[in-house]
Amino acid sequence: MAHVFGPVPSRRLGRSLGVDPVPFKTCNWNCVYCQLGHTAPPTGERREYVPTEEILAEVRAAVKTHGEDAIDWITFVGSGETTLHAGLGGLLREVTALTSLPVAVITNGSLLWLPEVREELAVADAVLPSLDAGTEDLYLRLNRPQPGFTFARLVEGLIAFRGPYPGRLWVEVMLVRGLNDTDEALRNLATVLRRIAPDEVHLNVPTRPPCEPWVDAPDEKALERAESILGEAARRVSPAEGRFDLDFCRDIVEAVLQVITRHPMSEEELGHALGRWPREEIAAALARLAASDRAQLVQRGGKRFWCYAGARFGKPRRP
């Protein structure tokens with residue numbers, strides 16, 4: 001399938017059937033920690049990147065193939081910024097009508113200042129926007145938005161959405177060592193979060209190859225400090241446990257590409273996910289993939305990750 005993948009194990013959403021409505025790296029941010037590499041060039045254009053019926057046909061087929069019992073959430077999560085797809089509202093309404101499964105949207109939140117985007121997302125059972133900074137300066141350093149996307153507008157959009165939204169608003173904070181894990185940065189962030197009043201604040205750390213190789217996870221002391229300063233709504237989100245469901249894919253190479261285009265996989269995860277195939281078939285398929293121009297191997301923290309060939313990672317440097 002071109003736009004639907006998984007179910008994949010999610011740190012917050014259990015067994016998540018992913019729906020990707022935008023082409024690879026169609027985004028208005030260029031976050032230093034992005035596991036899909038650099039955004040080049042960034043775009044803020046909202047348009048219908050994929051026909052609605054094409055995506056809906058894949059969702060129907062995936063739900064029928066796996067069965068609702070094997071899926072916990074249907075999650076709209078782009079290999080870029082999800083809300084840049086102008087047909088998102090129609091997709092959300094159609095998907096909520098065809099299944100009883102809860103629907104989530106993962107977004108950077110940058111377009112919530114637009115009333116039409118807030119209206120579109122209002123039908124989702126959960127919305128998970130990003131907020132990594134409490135000041136304009138740190139927002140620019142961490143998220144590196146396209147010109148015109150300001151911190152004030154981001155915060156205003158989150159507050160405006162929170163007011164009438166009846167679902168669960170879970171704000172995600174990606175903590176990066178030396179940038180937003182300091183006492184001052186966390187207190188500034190806490191001030192903004194109090195204005196937004198999300199149901200939960202999810203504290204994440206980089207666990208896969210980041211866009212910039214100098215990006216690293218905070219130490220335990222910094223994580224404890226973040227939990228303390230950000231308050232009762234804040235909780236750490238542990239790395240997802242479970243198996244990527246590739247059993248319904250007929251071809252090993254296509255199965256791997258279906259996931260790594262949105263979600264780089266360690267060799268350990270990949271071996272577990274491909275367990276139903278004979279070892280010699282897996283080895284031969286991965287050799288073909290490695291020799292092709294469709295994937296790349298990236299090393300981080302002593303682990304090797306399979307990543308999409310189009311992902312562009314920066315050269316080592318310090319912020």
# chains A, B, ... in the order shown; residues from 1 in each chain; ligands from 1

call {"tool": "select_by_dssp", "arguments": {"residues": "stretch 248-298 of chain A", "states": "strand (DSSP E or B)", "output": "list in words"}}
result
Met265, Ser266, Ala295, Gln296, Leu297 and Val298 of chain A

call {"tool": "write_last_selection", "arguments": {"atoms": "N, CA and C atoms", "output": "mmCIF file, in the first residue's frame"}}
result
data_model
loop_
_atom_site.group_PDB
_atom_site.id
_atom_site.type_symbol
_atom_site.label_atom_id
_atom_site.label_comp_id
_atom_site.auth_asym_id
_atom_site.auth_seq_id
_atom_site.Cartn_x
_atom_site.Cartn_y
_atom_site.Cartn_z
ATOM 1 N N MET A 265 13.891 1.774 11.026
ATOM 2 C CA MET A 265 13.866 0.570 11.855
ATOM 3 C C MET A 265 15.280 0.079 12.126
ATOM 4 N N SER A 266 15.530 -0.306 13.369
ATOM 5 C CA SER A 266 16.813 -0.919 13.690
ATOM 6 C C SER A 266 16.857 -2.314 13.083
ATOM 7 N N ALA A 295 17.094 2.559 -0.125
ATOM 8 C CA ALA A 295 17.270 2.564 1.328
ATOM 9 C C ALA A 295 18.722 2.875 1.654
ATOM 10 N N GLN A 296 18.941 3.267 2.912
ATOM 11 C CA GLN A 296 20.292 3.523 3.394
ATOM 12 C C GLN A 296 20.407 3.029 4.828
ATOM 13 N N LEU A 297 21.617 2.660 5.220
ATOM 14 C CA LEU A 297 21.885 2.247 6.591
ATOM 15 C C LEU A 297 22.563 3.398 7.326
ATOM 16 N N VAL A 298 21.999 3.773 8.484
ATOM 17 C CA VAL A 298 22.525 4.869 9.293
ATOM 18 C C VAL A 298 22.840 4.326 10.681
#

call {"tool": "residues_around", "arguments": {"residues": "A:Cys211", "least_positions_apart": "6", "cutoff": "10 Å", "atoms": "only C-alpha atoms", "output": "list in words"}}
result
Asn30, Cys31, Val32, Tyr33, Cys34, Gln35, Leu36, Gly37, His38, Thr39, Ala311, Arg312, Phe313, Gly314 and Lys315 of chain A

call {"tool": "write_last_selection", "arguments": {"atoms": "N, CA and C atoms", "output": "short mmCIF file (atom, residue, chain, number, x, y, z; two decimals), in the first residue's frame"}}
result
data_model
loop_
_atom_site.label_atom_id
_atom_site.label_comp_id
_atom_site.auth_asym_id
_atom_site.auth_seq_id
_atom_site.Cartn_x
_atom_site.Cartn_y
_atom_site.Cartn_z
N ASN A 30 11.78 22.04 9.86
CA ASN A 30 13.00 21.28 9.58
C ASN A 30 13.67 20.98 10.93
N CYS A 31 12.98 20.19 11.76
CA CYS A 31 13.40 19.96 13.14
C CYS A 31 14.76 19.29 13.22
N VAL A 32 15.57 19.70 14.18
CA VAL A 32 16.92 19.16 14.31
C VAL A 32 16.91 17.68 14.66
N TYR A 33 15.80 17.20 15.26
CA TYR A 33 15.74 15.81 15.71
C TYR A 33 14.96 14.89 14.77
N CYS A 34 14.49 15.39 13.65
CA CYS A 34 13.60 14.60 12.80
C CYS A 34 14.28 13.31 12.33
N GLN A 35 13.60 12.19 12.52
CA GLN A 35 14.14 10.88 12.14
C GLN A 35 14.06 10.63 10.63
N LEU A 36 13.42 11.54 9.91
CA LEU A 36 13.31 11.41 8.45
C LEU A 36 14.27 12.35 7.72
N GLY A 37 15.15 13.02 8.47
CA GLY A 37 16.16 13.84 7.83
C GLY A 37 15.70 15.27 7.56
N HIS A 38 16.49 15.98 6.78
CA HIS A 38 16.25 17.39 6.47
C HIS A 38 15.01 17.58 5.60
N THR A 39 14.32 18.70 5.82
CA THR A 39 13.25 19.14 4.94
C THR A 39 13.86 20.09 3.93
N ALA A 311 16.05 10.21 2.72
CA ALA A 311 16.29 10.97 3.95
C ALA A 311 17.70 11.53 3.94
N ARG A 312 17.81 12.83 4.23
CA ARG A 312 19.11 13.51 4.20
C ARG A 312 19.50 13.92 5.62
N PHE A 313 20.60 13.34 6.10
CA PHE A 313 21.06 13.61 7.45
C PHE A 313 22.28 14.52 7.42
N GLY A 314 22.36 15.42 8.42
CA GLY A 314 23.43 16.40 8.43
C GLY A 314 24.77 15.83 8.83
N LYS A 315 25.83 16.58 8.54
CA LYS A 315 27.17 16.21 8.93
C LYS A 315 27.42 16.65 10.37
#

call {"tool": "atom_distance", "arguments": {"atom1": "atom CA of A:Leu131", "atom2": "atom CA of A:Pro210"}}
result
17.5 Å

call {"tool": "atom_distance", "arguments": {"atom1": "atom CA of A:Gly231", "atom2": "atom CA of A:Trp29"}}
result
27.4 Å

call {"tool": "residues_around", "arguments": {"residues": "A:Pro145", "least_positions_apart": "5", "cutoff": "12 Å", "atoms": "only C-alpha atoms", "output": "ChimeraX atom specification"}}
result
/A:27-32,38-44,81,108-111,136-140,150-151,153-154

call {"tool": "closest_residue", "arguments": {"among": "A:Ala234, A:Arg300, A:Thr135, A:Leu270", "to": "A:Asp216", "atoms": "only C-alpha atoms"}}
result
A:Arg300

call {"tool": "atom_distance", "arguments": {"atom1": "atom CA of A:Leu101", "atom2": "atom CA of A:Ile71"}}
result
7.8 Å

call {"tool": "closest_residue", "arguments": {"among": "A:Ser238, A:Thr83, A:Thr96, A:Thr191", "to": "A:Arg12", "atoms": "only C-alpha atoms"}}
result
A:Ser238

call {"tool": "closest_residue", "arguments": {"among": "A:Leu203, A:Val237, A:Val215, A:Met174", "to": "A:Leu13", "atoms": "only C-alpha atoms"}}
result
A:Val237

call {"tool": "residues_around", "arguments": {"residues": "A:Ala217", "least_positions_apart": "3", "cutoff": "10 Å", "atoms": "only C-alpha atoms", "output": "list in words"}}
result
Tyr33, Met174, Leu175, Val176, Arg177, Gly178, Asp181, Asn204, Val205, Pro206, Thr207, Glu220, Ala222 and Leu223 of chain A

call {"tool": "write_last_selection", "arguments": {"atoms": "C-alpha atoms", "output": "PDB file, in the first residue's frame"}}
result
ATOM      1  CA  TYR A  33      15.736  15.815  15.713  1.00  0.00           C
ATOM      2  CA  MET A 174      10.837  16.207  22.248  1.00  0.00           C
ATOM      3  CA  LEU A 175      13.654  16.830  24.702  1.00  0.00           C
ATOM      4  CA  VAL A 176      17.117  17.460  23.256  1.00  0.00           C
ATOM      5  CA  ARG A 177      20.197  17.544  25.484  1.00  0.00           C
ATOM      6  CA  GLY A 178      21.608  21.018  25.962  1.00  0.00           C
ATOM      7  CA  ASP A 181      16.240  20.321  28.952  1.00  0.00           C
ATOM      8  CA  ASN A 204       9.933  12.021  24.326  1.00  0.00           C
ATOM      9  CA  VAL A 205      13.638  11.684  23.584  1.00  0.00           C
ATOM     10  CA  PRO A 206      15.407  10.936  20.278  1.00  0.00           C
ATOM     11  CA  THR A 207      15.823   7.169  19.852  1.00  0.00           C
ATOM     12  CA  GLU A 220      18.183  10.809  33.681  1.00  0.00           C
ATOM     13  CA  ALA A 222      17.284  16.148  33.148  1.00  0.00           C
ATOM     14  CA  LEU A 223      14.285  13.879  32.543  1.00  0.00           C
TER      15      LEU A 223
END

call {"tool": "residues_around", "arguments": {"residues": "A:Asp69", "least_positions_apart": "3", "cutoff": "12 Å", "atoms": "only C-alpha atoms", "output": "PyMOL selection string"}}
result
chain A and resi 7+14-17+63-66+72-73+99-101

call {"tool": "residues_around", "arguments": {"residues": "A:Ala233", "least_positions_apart": "4", "cutoff": "12 Å", "atoms": "only C-alpha atoms", "output": "PyMOL selection string"}}
result
chain A and resi 169-172+190+193-194+196-203+226-229

call {"tool": "select_by_dssp", "arguments": {"residues": "stretch 104-311 of chain A", "states": "helix (DSSP H, G or I)", "output": "number ranges by chain"}}
result
A: 115-121, 136-143, 151-162, 183-196, 220-230, 252-260, 267-273, 279-291
